[in-house]
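Q: The structure is given below, and queries will be raised subsequently.
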There are 6 protein chains.
Amino acid sequence: MTFAFDEGALYSQIGAFLSEDLGRGDITTQSVVARNAQARGRFIAKEAMTVCGLEAAEAVFSTLDTQQQIEAFVSDGDDVEAGKVIARTSGFADVLLGGERVALNLLQRLSGITTLTRQYVKLTEGTRARIVDTRKTTPGLRMLEKYAVQIGGGRNHRFGLDDGVLIKDNHIALAGGVAAAIERARDVAGHLHKIEVEVSNERDLREAISAKADIIMLDNLTPEETRPMVELTRELAGENVLLESSGGINLETVRAYAETGVDLISVGALTHSARAMDISFKIQAG
Amino acid sequence: MTFAFDEGALYSQIGAFLSEDLGRGDITTQSVVARNAQARGRFIAKEAMTVCGLEAAEAVFSTLDTQQQIEAFVSDGDDVEAGKVIARTSGFADVLLGGERVALNLLQRLSGITTLTRQYVKLTEGTRARIVDTRKTTPGLRMLEKYAVQIGGGRNHRFGLDDGVLIKDNHIALAGGVAAAIERARDVAGHLHKIEVEVSNERDLREAISAKADIIMLDNLTPEETRPMVELTRELAGENVLLESSGGINLETVRAYAETGVDLISVGALTHSARAMDISFKIQAG
Amino acid sequence: MTFAFDEGALYSQIGAFLSEDLGRGDITTQSVVARNAQARGRFIAKEAMTVCGLEAAEAVFSTLDTQQQIEAFVSDGDDVEAGKVIARTSGFADVLLGGERVALNLLQRLSGITTLTRQYVKLTEGTRARIVDTRKTTPGLRMLEKYAVQIGGGRNHRFGLDDGVLIKDNHIALAGGVAAAIERARDVAGHLHKIEVEVSNERDLREAISAKADIIMLDNLTPEETRPMVELTRELAGENVLLESSGGINLETVRAYAETGVDLISVGALTHSARAMDISFKIQAG
Amino acid sequence: MTFAFDEGALYSQIGAFLSEDLGRGDITTQSVVARNAQARGRFIAKEAMTVCGLEAAEAVFSTLDTQQQIEAFVSDGDDVEAGKVIARTSGFADVLLGGERVALNLLQRLSGITTLTRQYVKLTEGTRARIVDTRKTTPGLRMLEKYAVQIGGGRNHRFGLDDGVLIKDNHIALAGGVAAAIERARDVAGHLHKIEVEVSNERDLREAISAKADIIMLDNLTPEETRPMVELTRELAGENVLLESSGGINLETVRAYAETGVDLISVGALTHSARAMDISFKIQAG
Amino acid sequence: MTFAFDEGALYSQIGAFLSEDLGRGDITTQSVVARNAQARGRFIAKEAMTVCGLEAAEAVFSTLDTQQQIEAFVSDGDDVEAGKVIARTSGFADVLLGGERVALNLLQRLSGITTLTRQYVKLTEGTRARIVDTRKTTPGLRMLEKYAVQIGGGRNHRFGLDDGVLIKDNHIALAGGVAAAIERARDVAGHLHKIEVEVSNERDLREAISAKADIIMLDNLTPEETRPMVELTRELAGENVLLESSGGINLETVRAYAETGVDLISVGALTHSARAMDISFKIQAG
Amino acid sequence: MTFAFDEGALYSQIGAFLSEDLGRGDITTQSVVARNAQARGRFIAKEAMTVCGLEAAEAVFSTLDTQQQIEAFVSDGDDVEAGKVIARTSGFADVLLGGERVALNLLQRLSGITTLTRQYVKLTEGTRARIVDTRKTTPGLRMLEKYAVQIGGGRNHRFGLDDGVLIKDNHIALAGGVAAAIERARDVAGHLHKIEVEVSNERDLREAISAKADIIMLDNLTPEETRPMVELTRELAGENVLLESSGGINLETVRAYAETGVDLISVGALTHSARAMDISFKIQAG
C-alpha cells in the first residue's frame with residue numbers, strides 16, 4: 001500500500017524541516033560561496049544497506065528550487081554495498097548546501113528502518129508470519145516511517161487511533177473484561193471495522209474467541225507460551241481468527257515466534273530504535 | 001541553555017503529533033470506555049535510564065485537556081532503576097488513552113538521547129573535552145532533541161544553518177581553499193559570529209590558523225592523527241583557537257579523542273541513533 | 001460514538017467561520033451599539049424540530065469571548081415544539097451580535113439533519129435495518145454533520161476514504177471484476193479492515209459472496225429487486241454477510257427497503273438535502 | 001460581480017476539503033487499482049438543473065494532480081436536461097477516484113443553489129424586484145454559495161458584517177430607537193457606506209425615512225402589509241430610498257412581494273435549504 | 001470605530017512578530033540572566049508625543065506569559081511630555097527582555113502615527129474638513145495603523161479594496177470615461193456601497209456630478225485649483241456630494257485645503273512616513 | 001549577505017499582504033473593468049532616490065497571476081532621478097489594479113530605507129566605520145528592511161535575539177555587573193558566538209576589556225565622549241576588540257562619530273523613521 005495523496009503533505013512537512021534547519025538562511029554559504037555558483041553532488045552509501053527515502057530526498061531539493069531533481073541510480077528497496085553512489089544531482093550550490101542535511105537526515109533514518117525491517121522479514125521466511133509495525137514511530141514522521149517499513153517488506157498496523165479497533169489491556173481494565181469490551185466495540189464501532197483484542201493468558205483467549213474477536217494479540221508471551229495458545233485458537237476457531245505476537249520481540253527471538261504459527265508479529269523496534277545508516281553527500285564545483 | 005520562548009512552539013508541535021495519532025478520534029476508546037470514565041495512570045521505567053521529557057509528556061495530556069497535569073517523582077536528568085514509577089496522572093480515561101502513545105514516544109526517545117549523552121560525557125570526565133551534538137537530528141524534533149542532549153550534560157552545536165558559521169569540506173571545494181573561505185566569511189558574515197572551519201590534514205590546519213579561524217574542526221581523523229594536530233595548533237595559536245573532533249566517534253573511541261586535548265567532540269549518534277528507552281504506561285479505573 | 005479529540009478541531013473551524021462572517025469587524029455594531037453594552041439573548045424554535053448543535057453554538061460565542069457561555073434548556077437530540085426557548089445567554093452586546101449569524105447557521109443546519117434522520121429512523125422501527133449516512137456531506141462540515149446523524153439515531157458510515165474499504169462500481173470497472181477486486185483488497189489492505197463491495201445484480205452478488213466479502217452494498221435496486229438478493233445471501237452465507245441498501249432511498253420508500261431484511265440503509269439526503277430548521281435569536285438590552 | 005483574488009482561497013479550501021475526505025489516503029483505491037492506471041470519467045446530470053461549480057470541480061482534481069483538467073461541455077449557468085454529460089476528464093485512476101466525492105459534493109450543492117435561485121428570479125420577471133441572498137450560508141462556503149446565487153441571476157447582499165451597515169431589530173433594541181441608530185451610524189461609519197435599517201411598522205418606517213436611511217428593509221410583513229409601506233415611502237422619499245422585503249419569503253409568495261414595488265427581495269432559503277442536484281460521475285478504464 | 005473581533009487577530013500577529021525577533025530563543029538572556037529571575041520595567045517617553053499602542057504592548061508580554069500585564073499611567077490618545085513614565089510592568093525577567101523590542105517597535109511606530117495625525121487634525125480645526133487616512137499603510141500593519149489614525153482624531157478611509165468603491169484614474173482609463181465607470185459601478189456593485197470617483201479637472205467633475213457620484217475625490221490639485229471645484233459642486237449638487245482632497249498634502253498645505261470647503265482631506269503620510277517616537281524601556285531587578 | 005531561502009517566506013508574506021488589502025476581492029475593479037481586460041503599467045519615480053524592492057514588487061503581481069512578470073529598467077541599489085520609469089509590466093487589468101497598492105507600499109518603503117542608508121554610508125566614507133542597522137524594524141518586515149539596508153551599503157546587526165549575544169544595560173542590571181555578565185555568557189552561550197556588551201563609561205569599558213568582550217557598544221555617548229574610549233580600547237586591546245557607537249546618531253552627527261575611530265555605527269532611524277519615497281504606478285489599456 002503506497003500513498004496517493006501524501007505528496008502534498010510530504011512537501012508541507014519538508015518545508016517545515018527545511019525551515020527548522022535553515023531558519024533565516026544559511027549564513028555560511030551566503031558568506032563563502034558565490035551567488036549563482038553551480039555544483040554537483042553525489043549521495044554515497046558508506047556501509048551496506050537497503051535504501052529508502054529517495055523521493056523524500058528529492059522533495060527536499062525541489063522545495064528549495066522547483067527545478068531541482070535528483071538522478072537516482074537505485075530504487076527504494078534496493079540493497080547496496082558500501083561505496084555505492086546512490087544518486088546524484090546538480091544545480092545551484094546554495095540549494096545543494098541548504099538541503100544537504102535535511103535530505104541526509106531523512107535518507108539515513110528511512111534507510112535504517114528499511115534495512116532493519118528487511119532483517120526481520122528475512123528471519124521469518126517460510127512461515128506464515130508477517131512482520132508488522134506499531135504506532136511507536138517518531139512523532140511527526142509516521143507516514144514516512146510506515147512507508148519505510150513497507151519498502152522493507154513489512155506490513156502496516158494501524159496508522160492512528162482512528163482507523164482500527166484494538167482493545168488493549170488498559171481498555172479491558174476500564175471496560176470490565178475481555179468479552180464486555182468486545183461486545184461493546186461490536187455494537188458501537190462502524191460496521192467496516194474488525195475487532196482486535198489483546199490477551200496474555202488462556203482464560204482471556206477463550207473469552208476473546210467466544211466473543212468472536214476477529215484478531216487476537218498475544219502480548220508479552222514467550223514463544224513457548226505462545227505455541228499452546230495458537231493451538232487452542234485453531235482448535236476453537238480454525239483460521240477465522242488472526243493471531244498476532246507482540247511485545248519485546250527482537251532479531252534473536254523473532255524466528256521462534258514465527259514458528260509458533262502466528263499470523264502477525266509486531267515489532268516496535270522497527271521504528272523506535274533503528275540505527276541511522278551512514279550516507280554522505282559530496283559536493284564539487286560545476 | 002534552556003529555552004524560554006519554546007513553550008508555544010512545543011504545544012503547537014504536540015498538537016500536530018496528537019493529530020497524527022488521533023486522526024478523527026480514538027475509535028477503540030469511544031467504543032469500549034464509558035464517556036467521562038475516570039482513570040489513573042503510571043509511567044514506569046522498564047530498564048535503567050536517565051529520564052528526559054517529563055514536561056513534554058505533560059504537555060501531551062494538557063493539550064487534550066487543559067486541566068490534566070502529571071505528578072512527576074523525578075526530574076529531567078535523574079537516573080532511575082528498572083521498575084521505578086517515574087510519574088503518575090489521573091483524569092478522564094479517554095484523555096489518558098488518547099495521549100498515551102504520543103507521550104510514551106516522546107519520553108522514550110528523549111530519555112534514550114539523554115541516557116546515551118550521559119554515557120559519552122562520563123567517558124570524557126577529567127579531560128577538557130566537551131561533548132557536543134550535531135544537526136543530525138530527527139527532522140521536526142531538533143529543539144527537543146538538543147534539549148535532551150543538554151540534560152544529559154552535552155553542549156549544543158549550531159541550532160541551524162543561520163546561527164553559526166561552519167565552513168565544511170563542501171564549502172571549501174566551492175570557495176577555492178581554506179584561507180579564501182575564511183577570509184570571505186570574515187568579510188561578509190555578521191560581526192557577532194565566530195568562524196569555524198573543517199580541516200583534515202596539516203596543510204589545511206596551518207592555513208586555517210594563518211587565516212585566523214576561531215574554531216577548527218578536525219574531521220574524520222583517528223585519535224593518533226589528531227594528537228599532532230592539537231600540538232601544532234597550541235604551538236602556533238595557543239589557546240586562542242578551539243579544536244573540535246568530529247566524524248564517526250563512538251563509545252569505544254571517545255575517550256581516546258578526549259585525551260588528545262581537543263576542546264570539543266561532536267557526536268552525531270547522540271541524536272540519530274539513540275535507542276528508545278523502555279517505558280510503559282499502566283492505566284487503572286478510578 | 002461521540003468525538004473526544006474534536007474539541008480543538010471544532011474551535012479551529014469555528015474561528016474560521018467567524019472570520020468568514022466578521023472579516024475586519026462588525027461595522028454596524030461598532031457604529032450603533034455602545035462599547036461594553038450588556039445584552040441578553042434567547043434562541044427560540046420557530047417550528048417543531050429535534051435540536052442539534054448546542055455545543056457548537058456555545059463554541060461560537062466562547063470563541064469571541066472566552067467567558068461567554070450559553071444556558072441550554074434542552075439537550076442535543078431533544079424534540080421541541082414551535083415557540084420553545086432552546087437556550088439563552090448574556091454578556092457583551094457586541095459578542096452576541098457578532099456570533100449570532102454563525103451560531104444560528106450551525107444550529108439550524110444541524111437541527112435540520114437530526115430532525116430528518118429521526119424521521120428515517122422512526123420509519124424503520126421494528127426492522128433490523130439501521131439508517132446510515134454517506135460521504136455526501138457539506139465540504140468542511142463532515143464531523144459536525146455526522147454527529148448530527150448520530151444524535152438523530154442514525155449510524156455513521158465511513159468518515160473518509162482512509163478508514164474503510166468500500167469497493168464501488170468505479171473500482172470494479174478498473175480492477176477487472178468483483179472477485180478480483182475483493183481478493184486484491186484482502187491481500188493489500190490492513191488486517192483490521194473489513195471489505196465492503198457494491199453489486200447491482202445476482203451474478204455480482206454470487207461472486208461477492210464466493211470471494212467472502214464482509215459487507216455487500218445493493219446499489220440502486222428497488223425494494224422488489226432487493227428482496228430476492230437478501231434471500232439468496234442468507235441462503236449462501238447466513239448472517240455472516242451484512243447487506244446494505246443504497247441509492248435514491250427517500251422517506252416514501254425507506255420502509256419498503258427496511259422490510260426486505262437488509263441490515264443497513266444508507267441515505268445521502270440526510271446530509272446533502274436537509275432543510276434548515278427555523279430558529280431565531282432575540283436580543284434585548286441588559 | 002465575480003471574484004478575482006479568490007483563486008488562491010478556493011484552492012486552499014479545496015485542499016482542506018480533500019484532506020477531510022482522504023485523511024491518510026484512499027485505502028480502497030490503493031488496494032484495488034493498479035498504481036498509475038489511467039481512467040476516464042464523465043459527470044452526468046441525473047435530473048434537469050442549472051449547472052454551477054465546474055471551476056470548483058476542476059480545482060478538486062488539479063489539487064490532486066496539477067496536470068489534471070476537466071473538459072466542460074456546458075458553462076456555469078447553463079440549463080441542462082437529465083442525462084446530459086456535463087463534463088469529462090481523463091488521467092490517473094487514483095486521482096479521479098480520490099477527487100470524485102468532493103467534486104460531486106460541490107457541484108451538486110452549488111447547482112442546487114443556482115437552480116433554486118433561477119426559479120425565484122424567473123418568478124419576479126417583469127417587476128423591479130431583484131432577488132438577493134443573505135448571510136444564511138453554509139459556514140465555510142459563503143464565497144462559493146454567493147457565487148452560485150450570482151450565476152442563478154440573483155444579487156449578493158453583504159458578504160460579511162464588515163462590508164455593509166445593516167441595522168436590524170436587535171441593534172435598534174440596543175441603540176434606543178430607529179432614528180438614534182441611523183444617526184449614530186452616519187456619524188461613525190466610513191463615508192463610503194450606505195445605511196440600511198430594518199423596520200416592521202409604519203412608525204419605524206417614517207422614522208427611518210426622516211433619519212434619511214439609504215435602504216429600508218421591511219421585515220416579516222405580508223405582501224398586503226408591504227404595499228402601503230411602499231406607497232408611503234415613495235410619497236415621502238421618492239426613489240431615493242431602496243426598499244427590501246425580507247423574512248420567510250418562498251416560491252409561493254415571492255411573486256406577490258415582487259408586485260408590491262419593492263426593489264429587493266432577500267431569500268435565505270437560496271443558500272440554507274437548497275436541495276442538492278443529482279449528478280453522477282462514471283469512471284471507466286482508459 | 002474601534003475593533004471588536006480583532007483581539008484574536010492582534011494576538012496572532014504579535015505571535016508572528018515575537019517569532020520574528022526571538023527565533024529559537026533569546027540567547028543573551030538565557031546565558032546571562034538567572035532562570036526565574038524577577039524584574040520590573042518602565043516605559044518612558046523620551047520626547048513629547050501622543051501615546052498610542054498600549055494594548056498592543058501589553059499583548060506582546062501576555063503572549064509570552066499569559067499572566068503578564070502592564071499597568072498604564074495614560075491612555076491611548078493622551079498627550080505626554082518628555083520624561084513621562086507611560087506604563088510599568090513586572091514579572092519574569094526573560095519575559096520582559098524577550099518582549100521589549102517588539103513592544104517598543106509597536107509603541108514607537110503607533111505613537112508616531114497618532115502624534116502626526118493629531119497635528120493634521122489640529123491644523124484643520126474650525127473647518128468642515130476631516131482628516132482621513134489612505135491604504136498607504138505598512139504591509140501587515142493596516143489594522144493597527146488605522147487604529148492609530150483614529151486615536152489621533154483622524155477618520156479611516158477604506159480598509160481594503162473590498163469594502164468600498166473608489167474609481168481612480170487607472171480605472172477610468174480602462175473603463176472609458178468617468179460617467180461610464182460610475183454607471184457600471186452603480187449597476188454591479190452591492191446596493192450598500194456608495195460610489196466615489198477621482199477627478200482632476202472641471203470636465204470630469206461635471207461628468208461625475210451628472211452621473212450622480214456620491215463622493216468626488218479632487219486629486220493632485222492645489223488649494224487654488226480646488227476652490228472653484230468646490231463652488232461648482234455645491235452649485236450643481238448642494239451638500240449631496242462629499243468632496244475629498246487628495247495627493248501630496250502636507251503639514252504646510254493642509255490648512256489651505258481645509259479652507260476650500262472640502263469635506264475630507266486624505267493624507268498618505270500619516271501612515272507611510274511618520275517618524276517613530278522615542279520611547280525607552282528600563283528594567284531593574286525585582 | 002543576501003538571502004537564499006527567503007523566496008518561500010517572501011511569497012508567503014506577500015500573500016498575507018495582498019489578503020490584507022484585497023479582503024474578499026477588489027469590488028471597484030470587478031464593477032468597472034471588463035473581465036479579462038488587458039493593461040500596461042509603469043512604475044515612475046516622482047523624486048530622486050535609490051531604488052529597492054523590485055523583486056518584492058514582482059512577487060506581488062506573480063502571486064496574483066503566476067505568469068505576471070515585471071520588466072525592470074534599473075536594479076536594486078541604482079540611483080534614479082525624478083521622472084525615471086523604473087519598471088513596467090503588462091497583463092490582466094485586474095491583476096495590475098489588485099497588486100498596485102501593495103507593490104507600491106513595498107517599493108516606496110524599501111526605497112526609502114535604502115536611500116537613507118546610502119546617505120549615512122556616504123557621510124562615513126574614508127573612515128573605518130561601517131553603518132549597521134538595529135532590531136528597530138517594522139514588526140513583520142525585518143528581513144525585507146534589513147535587505148534594504150544591505151542594498152544601501154549598510155551592514156546587518158543581529159537578525160533576532162537568537163543569532164547573536166549582545167549584553168545590554170538591562171541585562172547588566174540583572175546579571176550584577178559587566179564582568180559577571182560576560183563570563184556567564186562565555187560559559188553558557190554556544191562556542192560559535194562572539195560576545196558584545198554595552199557600556200557607557202570608562203569603568204565599564206575597562207571591565208569589558210578585562211573580561212575579554214569581543215565587541216563593545218558605546219551607548220549614548222557624544223563623539224567627544226567616544227574618542228577617549230576608543231583610544232583607551234586600542235591601548236588596552238589593540239584591534240582585537242570591535243567598537244560600536246550607538247544611540248541617537250543622525251545625519252548631522254554621524255560623520256563626527258565615524259571620525260572617532262569606531263568600527264561600527266548603528267542607526268535605528270534607518271528602519272524606524274525612513275520616509276517613503278514617492279513612486280507612482282500608471283496604468284493604461286492594452
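All residue names refer to the C-alpha cells as shown: chains lettered A, B, ... in order, residues numbered from 1 in each chain, ligands numbered from 1 in order.
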Extract, using only C-alpha atoms, all DNA, RNA and protein residues at most 8 Å from D:Ala179, discarding same-chain residues fewer than 3 positions from it, and format them as a PyMOL selection string.
A: chain D and resi 182-183+207-208+210-211
Q: Next, the residues of the selection above should be written as an mmCIF file, in the first residue's frame with N, CA and C atoms.
A:
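Saved the output as result.cif:
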data_model
loop_
_atom_site.group_PDB
_atom_site.id
_atom_site.type_symbol
_atom_site.label_atom_id
_atom_site.label_comp_id
_atom_site.auth_asym_id
_atom_site.auth_seq_id
_atom_site.Cartn_x
_atom_site.Cartn_y
_atom_site.Cartn_z
ATOM 1 N N ILE D 182 -29.675 55.186 13.294
ATOM 2 C CA ILE D 182 -29.241 55.680 11.983
ATOM 3 C C ILE D 182 -28.279 56.858 12.151
ATOM 4 N N GLU D 183 -28.596 57.753 13.057
ATOM 5 C CA GLU D 183 -27.720 58.914 13.217
ATOM 6 C C GLU D 183 -26.346 58.517 13.714
ATOM 7 N N GLU D 207 -39.846 57.015 10.754
ATOM 8 C CA GLU D 207 -38.650 57.449 11.481
ATOM 9 C C GLU D 207 -37.391 57.201 10.636
ATOM 10 N N ALA D 208 -37.373 56.064 9.955
ATOM 11 C CA ALA D 208 -36.213 55.732 9.116
ATOM 12 C C ALA D 208 -36.079 56.702 7.954
ATOM 13 N N SER D 210 -37.272 59.794 7.830
ATOM 14 C CA SER D 210 -36.854 61.093 8.374
ATOM 15 C C SER D 210 -35.362 61.131 8.657
ATOM 16 N N ALA D 211 -34.848 60.033 9.165
ATOM 17 C CA ALA D 211 -33.431 59.995 9.516
ATOM 18 C C ALA D 211 -32.566 59.732 8.291
#
Q: Would you return as a VMD selection string the members of stretch 25-108 of chain C that DSSP assigns to helix (DSSP H, G or I) on this structure's backbone?
A: chain C and resid 27 to 32 54 to 64 93 to 108
Q: From the options E:Glu55, E:Leu144, E:Thr66, E:Phe43, which residue's atoms come nearest to chain B, counting only C-alpha atoms?
A: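 Checking each candidate against chain B, we get E:Thr66 as the closest.
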Q: Any idea what's packed within 6 Å of B:Gly152, counting only C-alpha atoms, ignoring anything in its chain fewer than 4 positions away? Could you give it as a list in words?
A: Thr114, Thr117 and Arg118 of chain B
Q: So that I have them on file, write out the residues from the current selection with all heavy atoms, as a compact mmCIF listing (two decimals), in the first residue's frame.
A:
# COMPACT_ATOMS: atom_id res chain seq x y z
N THR B 114 19.17 11.30 26.16
CA THR B 114 19.83 11.77 27.38
C THR B 114 20.71 10.68 27.99
O THR B 114 21.84 10.94 28.42
CB THR B 114 18.75 12.23 28.40
OG1 THR B 114 18.06 13.35 27.84
CG2 THR B 114 19.38 12.64 29.71
N THR B 117 23.80 10.37 25.85
CA THR B 117 24.68 11.54 26.02
C THR B 117 25.46 11.42 27.32
O THR B 117 26.68 11.65 27.36
CB THR B 117 23.85 12.84 26.03
OG1 THR B 117 23.13 12.94 24.82
CG2 THR B 117 24.76 14.06 26.19
N ARG B 118 24.76 11.03 28.37
CA ARG B 118 25.45 10.92 29.67
C ARG B 118 26.59 9.90 29.60
O ARG B 118 27.65 10.12 30.20
CB ARG B 118 24.43 10.53 30.75
CG ARG B 118 25.06 10.43 32.12
CD ARG B 118 24.16 10.84 33.24
NE ARG B 118 23.72 12.22 33.14
CZ ARG B 118 22.84 12.79 33.97
NH1 ARG B 118 22.32 12.09 34.96
NH2 ARG B 118 22.50 14.05 33.82
Q: For chain C against chain F, which residues fall within 12 Å using only C-alpha atoms, given as a PDB file with C-alpha atoms, in the first residue's frame?
A:
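In the end it all went to result15.pdb:
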ATOM      1  CA  SER C  19     -13.651  35.128  10.362  1.00  0.00           C
ATOM      2  CA  GLU C  20     -15.647  34.479   7.202  1.00  0.00           C
ATOM      3  CA  ASP C  21     -18.582  36.411   8.630  1.00  0.00           C
ATOM      4  CA  LEU C  22     -16.831  39.123  10.612  1.00  0.00           C
ATOM      5  CA  GLY C  23     -13.999  39.960   8.229  1.00  0.00           C
ATOM      6  CA  ARG C  24     -12.378  43.104   9.590  1.00  0.00           C
TER       7      ARG C  24
END
Q: Can you tell me which residues surround E:Gln150 at a distance of at most 12 Å, considering only C-alpha atoms, apart from same-chain residues fewer than 6 positions away, and format the answer as a PyMOL selection string?
A: (chain D and resi 188+190) or (chain E and resi 1-3+52-53+76-77+110-111+113-118+121+130-133+143-144+156-157+270-271)
Q: Write down as an MDAnalysis selection string the residues of stretch 23-197 of chain C whose backbone DSSP state falls under strand (DSSP E).
A: chainID C and resid 38:45 49:50 71:72 79:80 85:92 130:132 165:167 195:197
Q: Here is a test: counting only C-alpha atoms, which residue of E:Gly41, E:Gly126, E:Gly238, E:Gly154 is nearest to E:Ala93?
A: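 Of E:Gly41, E:Gly126, E:Gly238, E:Gly154, the one nearest E:Ala93 is E:Gly41, counting only C-alpha atoms.
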